[in-house]
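Have a look at coords.txt; it's compact mmCIF, C-alpha atoms:
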# COMPACT_ATOMS: atom_id res chain seq x y z
CA MET A 155 1.74 13.37 -19.21
CA SER A 156 1.82 17.13 -19.14
CA GLU A 157 4.95 19.21 -19.07
CA PRO A 158 5.78 21.08 -15.84
CA ASN A 159 3.98 24.36 -15.47
CA THR A 160 6.37 27.25 -15.12
CA ASP A 161 3.94 29.89 -13.86
CA THR A 162 5.19 32.17 -11.12
CA ALA A 163 3.76 32.24 -7.62
CA GLY A 164 0.24 33.59 -7.51
CA ALA A 165 -1.61 35.60 -4.92
CA ASP A 166 -3.63 32.59 -3.75
CA GLY A 167 -0.66 30.40 -2.97
CA PRO A 168 2.55 28.90 -4.31
CA ARG A 169 2.40 28.07 -8.00
CA LYS A 170 5.92 28.21 -9.33
CA PRO A 171 7.18 24.61 -9.75
CA ARG A 172 10.88 25.28 -9.20
CA GLU A 173 13.08 24.94 -6.14
CA GLU A 174 14.15 28.55 -6.48
CA THR A 175 10.56 29.64 -5.80
CA SER A 176 10.19 32.45 -3.28
CA SER A 177 7.55 30.53 -1.30
CA SER A 178 8.39 29.43 2.22
CA PHE A 179 9.45 25.88 2.98
CA ALA A 180 6.15 25.15 4.73
CA ALA A 181 4.14 26.47 1.77
CA GLN A 182 6.13 24.30 -0.63
CA GLU A 183 5.60 21.17 1.46
CA ILE A 184 1.88 21.86 1.83
CA THR A 185 1.61 22.29 -1.92
CA ALA A 186 3.55 19.07 -2.46
CA PHE A 187 1.25 17.20 -0.07
CA TYR A 188 -1.90 18.51 -1.73
CA SER A 189 -0.46 17.61 -5.14
CA GLY A 190 -0.05 14.03 -3.96
CA VAL A 191 -3.61 13.97 -2.63
CA MET A 192 -4.89 15.31 -5.96
CA PHE A 193 -2.85 12.71 -7.86
CA LEU A 194 -3.58 9.60 -5.79
CA THR A 195 -7.18 10.20 -4.69
CA ARG A 196 -10.46 11.75 -5.75
CA LEU A 197 -10.44 14.23 -2.86
CA SER A 198 -10.84 17.92 -3.58
CA VAL A 199 -7.88 20.18 -2.88
CA PRO A 200 -7.60 23.99 -2.66
CA LYS A 201 -7.88 25.74 -6.01
CA TRP A 202 -4.45 27.33 -5.66
CA VAL A 203 -2.75 23.92 -5.81
CA ASN A 204 -0.96 23.79 -9.15
CA HIS A 205 -0.87 20.54 -11.11
CA SER A 206 2.73 20.12 -12.23
CA MET A 207 5.20 17.28 -12.36
CA TYR A 208 7.55 19.22 -10.11
CA TRP A 209 5.14 19.39 -7.17
CA LEU A 210 4.00 15.85 -7.89
CA SER A 211 7.55 14.54 -7.67
CA LEU A 212 8.05 16.34 -4.36
CA SER A 213 4.83 14.79 -3.10
CA THR A 214 6.34 11.28 -3.23
CA ALA A 215 7.64 11.89 0.29
CA TYR A 216 4.01 11.97 1.43
CA PHE A 217 2.78 8.95 -0.52
CA PRO A 218 2.76 6.72 2.61
CA ILE A 219 0.69 9.27 4.55
CA ILE A 220 -1.78 9.55 1.68
CA GLY A 221 -1.89 5.77 1.50
CA ALA A 222 -2.77 5.66 5.20
CA MET A 223 -5.63 8.08 4.47
CA VAL A 224 -6.94 5.70 1.80
CA GLY A 225 -6.65 2.75 4.16
CA PHE A 226 -8.42 4.65 6.94
CA PHE A 227 -11.35 5.48 4.65
CA GLY A 228 -11.56 1.82 3.66
CA ALA A 229 -11.33 0.70 7.30
CA LEU A 230 -14.29 2.93 8.23
CA ASN A 231 -16.39 1.24 5.59
CA TYR A 232 -15.11 -2.16 6.65
CA SER A 233 -16.13 -1.49 10.27
CA TRP A 234 -19.79 -0.73 9.54
CA ALA A 235 -20.00 -3.60 7.04
CA TYR A 236 -18.59 -6.02 9.61
CA TYR A 237 -21.09 -4.73 12.19
CA PHE A 238 -24.04 -5.55 9.92
CA PHE A 239 -22.59 -8.74 8.41
CA PRO A 240 -20.48 -10.36 11.16
CA ALA A 241 -21.18 -13.87 9.92
CA SER A 242 -19.76 -13.24 6.44
CA PRO A 243 -16.15 -12.01 6.37
CA VAL A 244 -16.28 -11.74 2.56
CA ILE A 245 -18.97 -9.02 2.45
CA PRO A 246 -17.00 -6.49 4.56
CA ALA A 247 -13.90 -7.27 2.48
CA ILE A 248 -15.77 -6.55 -0.76
CA ILE A 249 -17.23 -3.31 0.60
CA TYR A 250 -13.79 -2.25 1.83
CA THR A 251 -12.24 -2.95 -1.58
CA ALA A 252 -15.02 -1.06 -3.37
CA ALA A 253 -14.62 1.91 -1.00
CA THR A 254 -10.87 2.21 -1.60
CA ILE A 255 -11.38 1.93 -5.37
CA ARG A 256 -13.93 4.73 -5.19
CA PHE A 257 -11.57 6.82 -3.05
CA THR A 258 -8.69 6.50 -5.52
CA GLY A 259 -10.67 6.16 -8.75
CA GLY A 260 -9.18 2.70 -9.30
CA PHE A 261 -5.87 4.42 -9.99
CA HIS A 262 -3.53 1.61 -8.94
CA GLU A 263 -5.82 -1.15 -10.17
CA ASP A 264 -5.64 0.46 -13.60
CA GLY A 265 -1.85 0.34 -13.41
CA LEU A 266 -1.98 -3.35 -12.50
CA ALA A 267 -4.26 -4.06 -15.46
CA ASP A 268 -1.97 -2.20 -17.87
CA MET A 269 1.09 -4.01 -16.56
CA CYS A 270 -0.65 -7.38 -16.96
CA ASP A 271 -1.45 -6.51 -20.57
CA GLY A 272 2.01 -5.15 -21.35
CA PHE A 273 4.13 -7.78 -19.65
CA GLY A 274 1.75 -10.57 -20.63
CA GLY A 275 1.32 -9.66 -24.29
CA GLY A 276 4.55 -7.87 -25.15
CA TRP A 277 7.77 -9.57 -26.21
CA THR A 278 10.10 -6.61 -26.47
CA ARG A 279 10.60 -3.41 -24.49
CA THR A 280 9.03 -1.38 -27.30
CA SER A 281 5.96 -3.60 -27.62
CA ILE A 282 5.47 -3.71 -23.83
CA LEU A 283 5.50 0.09 -23.56
CA ARG A 284 3.23 0.41 -26.58
CA ILE A 285 0.66 -1.98 -25.12
CA MET A 286 0.78 -0.31 -21.71
CA ARG A 287 0.08 3.08 -23.28
CA ASP A 288 -3.04 1.65 -24.96
CA SER A 289 -6.15 2.69 -23.03
CA THR A 290 -8.12 -0.43 -23.97
CA ILE A 291 -8.23 -3.44 -21.66
CA GLY A 292 -6.98 -6.76 -22.97
CA ALA A 293 -7.32 -10.40 -22.01
CA PHE A 294 -4.30 -10.38 -19.69
CA ALA A 295 -5.62 -7.29 -17.91
CA GLY A 296 -9.04 -8.84 -17.44
CA MET A 297 -7.67 -12.10 -16.10
CA GLY A 298 -5.15 -10.32 -13.91
CA LEU A 299 -7.73 -8.03 -12.31
CA VAL A 300 -10.18 -10.86 -11.65
CA LEU A 301 -7.51 -13.04 -10.07
CA TYR A 302 -6.03 -10.18 -8.06
CA LEU A 303 -9.32 -8.83 -6.68
CA THR A 304 -10.53 -12.34 -5.84
CA LEU A 305 -7.33 -13.11 -3.96
CA LYS A 306 -7.34 -9.71 -2.23
CA VAL A 307 -10.92 -10.02 -0.99
CA HIS A 308 -10.35 -13.51 0.36
CA ALA A 309 -7.01 -12.56 1.90
CA ILE A 310 -8.74 -9.77 3.83
CA ALA A 311 -11.61 -12.06 4.79
CA ASN A 312 -9.07 -14.61 5.98
CA LEU A 313 -7.74 -12.12 8.52
CA LEU A 314 -10.92 -12.56 10.55
CA VAL A 315 -10.39 -16.28 10.98
CA SER A 316 -6.59 -16.34 11.14
CA THR A 317 -4.42 -16.19 14.23
CA ILE A 318 -4.15 -12.42 14.02
CA GLN A 319 -7.71 -12.24 15.38
CA LEU A 320 -8.69 -13.50 18.81
CA SER A 321 -12.05 -14.88 19.86
CA ALA A 322 -11.80 -12.90 23.10
CA LEU A 323 -9.78 -10.07 24.54
CA PRO A 324 -6.34 -11.20 25.74
CA ALA A 325 -5.76 -10.78 29.47
CA GLN A 326 -2.98 -8.21 29.04
CA VAL A 327 -5.34 -6.01 27.01
CA ALA A 328 -8.50 -6.52 29.04
CA SER A 329 -6.68 -5.63 32.26
CA THR A 330 -5.62 -2.16 31.08
CA ALA A 331 -7.42 0.90 32.45
CA PRO A 332 -9.02 1.99 29.12
CA PHE A 333 -10.48 -1.44 28.48
CA MET A 334 -11.65 -1.79 32.07
CA TRP A 335 -13.54 1.48 31.61
CA LEU A 336 -15.03 0.25 28.35
CA LEU A 337 -16.06 -3.06 29.89
CA THR A 338 -17.86 -1.25 32.71
CA HIS A 339 -19.79 1.07 30.37
CA PHE A 340 -20.45 -1.11 27.32
CA PRO A 341 -21.48 -4.73 26.69
CA VAL A 342 -18.59 -7.17 26.50
CA ALA A 343 -19.65 -8.28 23.01
CA PHE A 344 -19.45 -4.68 21.75
CA VAL A 345 -15.97 -4.16 23.24
CA VAL A 346 -14.71 -7.41 21.72
CA HIS A 347 -16.20 -6.40 18.35
CA ALA A 348 -14.52 -2.98 18.55
CA TYR A 349 -11.19 -4.58 19.43
CA ARG A 350 -11.36 -6.96 16.48
CA VAL A 351 -12.33 -4.17 14.09
CA ALA A 352 -9.47 -2.02 15.41
CA ARG A 353 -6.98 -4.79 14.72
CA ILE A 354 -8.30 -5.43 11.22
CA GLY A 355 -8.52 -1.70 10.53
CA GLY A 356 -4.91 -1.26 11.58
CA VAL A 357 -3.85 -3.92 9.08
CA LEU A 358 -5.79 -2.20 6.29
CA VAL A 359 -4.26 1.21 7.00
CA ALA A 360 -0.75 -0.23 7.33
CA ALA A 361 -1.06 -2.18 4.07
CA HIS A 362 -1.99 0.91 2.07
CA CYS A 363 0.75 2.94 3.73
CA ILE A 364 3.40 0.33 2.92
CA GLY A 365 2.08 -0.07 -0.62
CA ARG A 366 2.49 3.64 -1.35
CA TRP A 367 6.01 3.54 0.07
CA ALA A 368 6.78 0.98 -2.62
CA CYS A 369 5.87 3.60 -5.25
CA THR A 370 8.25 6.09 -3.67
CA TYR A 371 11.02 3.49 -3.63
CA LEU A 372 10.62 2.69 -7.33
CA LEU A 373 10.67 6.37 -8.31
CA TYR A 374 13.73 6.93 -6.13
CA ARG A 375 15.66 3.83 -7.16
CA TYR A 376 14.99 3.62 -10.92
CA LYS A 377 14.76 6.09 -13.76
CA TYR A 378 11.39 7.12 -15.11
CA VAL A 379 11.50 6.09 -18.75
CA GLU A 380 8.07 6.69 -20.26
CA ASN A 381 8.63 8.61 -23.51
CA ALA A 382 11.94 9.83 -22.03
CA SER A 383 10.09 13.10 -21.48
CA ALA A 384 11.28 16.07 -19.47
CA ALA A 385 8.28 15.56 -17.22
CA GLY A 386 9.37 12.03 -16.48
CA LYS A 387 12.90 13.14 -15.70
CA GLU A 388 11.52 15.50 -13.04
CA PHE A 389 10.80 12.42 -10.92
CA LEU A 390 14.41 11.31 -11.08
CA LEU A 391 15.77 14.74 -10.26
CA THR A 392 13.57 15.58 -7.29
CA VAL A 393 12.97 12.30 -5.43
CA THR A 394 16.02 12.92 -3.27
CA THR A 395 17.52 10.68 -0.62
CA THR A 396 16.20 12.98 2.09
CA ARG A 397 12.63 12.67 0.83
CA PHE A 398 12.93 8.92 0.42
CA VAL A 399 14.27 8.54 3.98
CA PHE A 400 11.40 10.69 5.26
CA ALA A 401 8.89 8.48 3.45
CA SER A 402 10.55 5.33 4.84
CA VAL A 403 10.60 6.58 8.44
CA THR A 404 6.98 7.71 8.14
CA THR A 405 5.99 4.31 6.78
CA VAL A 406 7.61 2.41 9.65
CA ALA A 407 6.07 4.75 12.23
CA ILE A 408 2.55 4.54 10.82
CA ALA A 409 2.72 0.79 10.23
CA ARG A 410 3.98 0.11 13.76
CA ALA A 411 1.24 2.28 15.27
CA CYS A 412 -1.41 0.50 13.20
CA LEU A 413 -0.08 -3.00 13.89
CA PHE A 414 0.01 -2.28 17.64
CA ALA A 415 -1.08 -5.78 18.61
CA LEU A 416 1.66 -7.55 16.67
CA PRO A 417 4.80 -8.68 18.50
CA LEU A 418 7.90 -6.85 17.27
CA ARG A 419 9.20 -10.03 15.65
CA ASP A 420 6.04 -10.43 13.55
CA PHE A 421 6.07 -6.75 12.64
CA VAL A 422 9.65 -7.06 11.36
CA VAL A 423 8.62 -10.07 9.27
CA VAL A 424 5.80 -8.05 7.66
CA MET A 425 8.12 -5.17 6.81
CA VAL A 426 10.83 -7.46 5.45
CA VAL A 427 8.37 -9.34 3.23
CA ALA A 428 6.97 -6.05 1.89
CA ALA A 429 10.47 -4.66 1.27
CA VAL A 430 11.67 -7.82 -0.48
CA THR A 431 8.54 -7.87 -2.63
CA THR A 432 9.15 -4.24 -3.61
CA VAL A 433 12.82 -4.73 -4.41
CA ARG A 434 12.27 -7.91 -6.41
CA LEU A 435 9.44 -6.39 -8.44
CA GLY A 436 11.51 -3.27 -9.07
CA ASP A 437 14.48 -5.32 -10.28
CA TYR A 438 12.25 -7.36 -12.58
CA ILE A 439 10.55 -4.30 -14.08
CA ASN A 440 13.86 -2.51 -14.55
CA ARG A 441 15.36 -5.55 -16.22
CA VAL A 442 12.50 -5.79 -18.71
CA ILE A 443 11.90 -2.14 -19.69
CA GLY A 444 15.01 -0.39 -18.35
CA GLY A 445 13.30 1.65 -15.64
CA VAL A 446 9.80 2.28 -14.30
CA ILE A 447 6.64 4.04 -15.44
CA GLY A 448 3.50 5.00 -13.58
CA ASP A 449 1.63 1.78 -14.37
CA CYS A 450 4.47 -0.27 -12.88
CA CYS A 451 4.32 1.78 -9.69
CA GLY A 452 0.58 1.18 -9.44
CA ALA A 453 0.97 -2.55 -9.99
CA THR A 454 3.76 -2.78 -7.42
CA GLU A 455 1.61 -0.92 -4.86
CA GLN A 456 -1.20 -3.42 -5.34
CA LEU A 457 1.05 -6.47 -5.02
CA VAL A 458 2.91 -5.14 -1.98
CA GLU A 459 -0.40 -4.31 -0.31
CA LEU A 460 -1.57 -7.85 -1.04
CA SER A 461 1.63 -9.31 0.41
CA VAL A 462 0.82 -7.66 3.76
CA TYR A 463 -2.63 -9.27 3.88
CA LEU A 464 -1.23 -12.66 2.92
CA VAL A 465 1.69 -12.76 5.36
CA LEU A 466 -0.55 -11.69 8.25
CA GLY A 467 -3.16 -14.29 7.34
CA VAL A 468 -0.81 -17.26 7.53
CA ASP A 469 -1.00 -19.49 10.63
CA TRP A 470 2.75 -19.45 11.15
CA LEU A 471 2.62 -21.52 14.33
CA ARG A 472 0.98 -24.37 12.46
CA VAL A 473 3.41 -23.99 9.56
CA PHE A 474 6.46 -24.15 11.82
CA ASP A 475 5.00 -27.01 13.87
CA ASP A 476 4.33 -29.00 10.69
CA ALA A 477 7.79 -28.17 9.37
CA GLY A 478 9.32 -29.34 12.66
CA ALA A 479 7.32 -32.56 12.54
CA ALA A 480 8.32 -33.16 8.91
CA TYR A 481 11.97 -32.54 9.79
CA ALA A 482 11.76 -35.04 12.66
CA VAL A 483 10.26 -37.69 10.37
CA LEU A 484 12.87 -37.03 7.67
CA LYS A 485 15.67 -37.21 10.22
CA THR A 486 14.34 -40.54 11.52
CA VAL A 487 14.20 -41.97 8.00
CA VAL A 488 17.73 -40.77 7.17
CA ASP A 489 19.11 -42.13 10.47
CA SER A 490 17.51 -45.52 9.77
CA PHE A 491 19.22 -45.68 6.37
CA ILE A 492 22.57 -44.69 7.86
CA GLN A 493 22.33 -47.36 10.53
Render the structure in this file as C-alpha cells.
Amino acid sequence: MSEPNTDTAGADGPRKPREETSSSFAAQEITAFYSGVMFLTRLSVPKWVNHSMYWLSLSTAYFPIIGAMVGFFGALNYSWAYYFFPASPVIPAIIYTAATIRFTGGFHEDGLADMCDGFGGGWTRTSILRIMRDSTIGAFAGMGLVLYLTLKVHAIANLLVSTIQLSALPAQVASTAPFMWLLTHFPVAFVVHAYRVARIGGVLVAAHCIGRWACTYLLYRYKYVENASAAGKEFLLTVTTTRFVFASVTTVAIARACLFALPLRDFVVVMVVAAVTTVRLGDYINRVIGGVIGDCCGATEQLVELSVYLVLGVDWLRVFDDAGAAYAVLKTVVDSFIQ
C-alpha cells in the first residue's frame, strides 16, 4: 500500500491530498468519488485524479453509489441473458456474476479468498496477517471461492422462482397509467418479462449498494491495522461520522428505490439482516486480528451481498405457516401430557 502523495494542486485538477487544500469543496468531492471509482472498478477516470490514500479514504462516502453502478452493469447483462435463456435461471445468474467480476477485476472476490486462507489456515494474529499478505491462493481460498460462487449463482437463480417474482403482473401495478400504456403498445408477454427483469435488476443493484456500505462501516467502526502504516491510519482519521451517515442515508435511499415492489416490512427485514451480518462479521474480524484490513472489507462485502439474495429468496409465508403448524402440534402434545 503506497504512502499518501503530498503533491500540491496541479493545473488539471485537485491533487493535494490534504484537507487544507485550496481546491473547492465540489472539486474535492469529485476527486474523492473518482478515486473510489478507480479503486473499486476497472473504469477509466480523468488523468488528473490523483491516487492517494487520502482521497481514497474520503471516497468511502461514495462506496454505496459505486456499488450501485456495479450492480447496474451486472443487471444489464442479466437482462439480456434472461431474454435469451428464460428457461434456465442459472445461465443469467452466471453471466451476471461474470460481468460484475469483470467490472471490478474480482477485487472483492480476491479479498474473500485471502480471508478464507488467512482465517482458515492461521492460528495466531501474526500468522493470519502473514498468510493474507501472501499473493498465492491456498486450499481454503479455493474451497471458499467455489462454495461462495456456487451459492451466489444459485441464490440469484432462486430469485426467479421464489415469491419475490410473480407469474403475472399484480392488479395494482397493471392498473397504473404507465403500465396501461405499455400494455396497449407492447405484447403482454414482453411487459411481464420487463417487469420481472426490473424486479430482479433492482435486487442486484440494491445488493451491491448495501455490500459496499458494509465496507464503509468497517472502515469507520474499526481501526485499519495492516502493517500499522501511516497510509492505513489515513482511513481511521478521515472516515468521519458525517461521511458515514451520508453513506448510510444514500444506501437506504438507493436500496428502497431499487426494491420498489417490496412491502416496507420486507424491506426493513432485508436491511436489518444486512446490518446484523455486517456488525457480526466486523466484531468477529476485530476480535481475531484487532481491527480490519482491505481483504476483510472485501470478504464482508461479498457475504453481505449474498445475505440480501438469500433473505429475498426465502418463501417466508411457507416458513411461518410451517412454524405455526409445528407450534400447534407441539402445543397439542404438551397439553395432552399436562392433562
Of the candidates A:Val473, A:Met425, A:Ile245, A:Val393, which one gets nearest to Asn312 of chain A if we count only C-alpha atoms?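 Once distances to Asn312 of chain A are computed over only C-alpha atoms, the minimum belongs to A:Ile245.
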As a ChimeraX atom specification, please: the residues near Ala222 of chain A (cut-off 6 Å, all atoms listed in the file, same-chain neighbours under 6 positions excluded). /A:359,362-363
Just want the 8 Å neighbourhood of segment 184-191 of chain A, counted on all atoms listed in the file, with same-chain residues fewer than 6 positions away dropped. Output as a PyMOL selection string. chain A and resi 168+197+199-200+203-205+209-214+216-217+220
Long-range neighbours of segment 400-412 of chain A as a PDB file with C-alpha atoms, in the frame of the given file, 10 Å cut-off, all atoms listed in the file, 3 positions minimum in chain:
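Output file around-v1.pdb follows:
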ATOM      1  CA  SER A 213       4.830  14.790  -3.100  1.00  0.00           C
ATOM      2  CA  THR A 214       6.340  11.280  -3.230  1.00  0.00           C
ATOM      3  CA  ALA A 215       7.640  11.890   0.290  1.00  0.00           C
ATOM      4  CA  TYR A 216       4.010  11.970   1.430  1.00  0.00           C
ATOM      5  CA  PHE A 217       2.780   8.950  -0.520  1.00  0.00           C
ATOM      6  CA  PRO A 218       2.760   6.720   2.610  1.00  0.00           C
ATOM      7  CA  ILE A 219       0.690   9.270   4.550  1.00  0.00           C
ATOM      8  CA  GLY A 221      -1.890   5.770   1.500  1.00  0.00           C
ATOM      9  CA  ALA A 222      -2.770   5.660   5.200  1.00  0.00           C
ATOM     10  CA  ALA A 352      -9.470  -2.020  15.410  1.00  0.00           C
ATOM     11  CA  ARG A 353      -6.980  -4.790  14.720  1.00  0.00           C
ATOM     12  CA  ILE A 354      -8.300  -5.430  11.220  1.00  0.00           C
ATOM     13  CA  GLY A 355      -8.520  -1.700  10.530  1.00  0.00           C
ATOM     14  CA  GLY A 356      -4.910  -1.260  11.580  1.00  0.00           C
ATOM     15  CA  VAL A 357      -3.850  -3.920   9.080  1.00  0.00           C
ATOM     16  CA  LEU A 358      -5.790  -2.200   6.290  1.00  0.00           C
ATOM     17  CA  VAL A 359      -4.260   1.210   7.000  1.00  0.00           C
ATOM     18  CA  ALA A 360      -0.750  -0.230   7.330  1.00  0.00           C
ATOM     19  CA  ALA A 361      -1.060  -2.180   4.070  1.00  0.00           C
ATOM     20  CA  HIS A 362      -1.990   0.910   2.070  1.00  0.00           C
ATOM     21  CA  CYS A 363       0.750   2.940   3.730  1.00  0.00           C
ATOM     22  CA  ILE A 364       3.400   0.330   2.920  1.00  0.00           C
ATOM     23  CA  GLY A 365       2.080  -0.070  -0.620  1.00  0.00           C
ATOM     24  CA  ARG A 366       2.490   3.640  -1.350  1.00  0.00           C
ATOM     25  CA  TRP A 367       6.010   3.540   0.070  1.00  0.00           C
ATOM     26  CA  ALA A 368       6.780   0.980  -2.620  1.00  0.00           C
ATOM     27  CA  THR A 370       8.250   6.090  -3.670  1.00  0.00           C
ATOM     28  CA  TYR A 371      11.020   3.490  -3.630  1.00  0.00           C
ATOM     29  CA  THR A 394      16.020  12.920  -3.270  1.00  0.00           C
ATOM     30  CA  THR A 395      17.520  10.680  -0.620  1.00  0.00           C
ATOM     31  CA  THR A 396      16.200  12.980   2.090  1.00  0.00           C
ATOM     32  CA  ARG A 397      12.630  12.670   0.830  1.00  0.00           C
ATOM     33  CA  ALA A 415      -1.080  -5.780  18.610  1.00  0.00           C
ATOM     34  CA  LEU A 416       1.660  -7.550  16.670  1.00  0.00           C
ATOM     35  CA  LEU A 418       7.900  -6.850  17.270  1.00  0.00           C
ATOM     36  CA  PHE A 421       6.070  -6.750  12.640  1.00  0.00           C
ATOM     37  CA  VAL A 422       9.650  -7.060  11.360  1.00  0.00           C
ATOM     38  CA  VAL A 424       5.800  -8.050   7.660  1.00  0.00           C
ATOM     39  CA  MET A 425       8.120  -5.170   6.810  1.00  0.00           C
TER      40      MET A 425
END
List as a PyMOL selection string the residues having at least one atom at most 6 Å from position (-2.2, -5.9, -10.1) as given in the file, counting all atoms listed in the file. chain A and resi 263+266+453+456
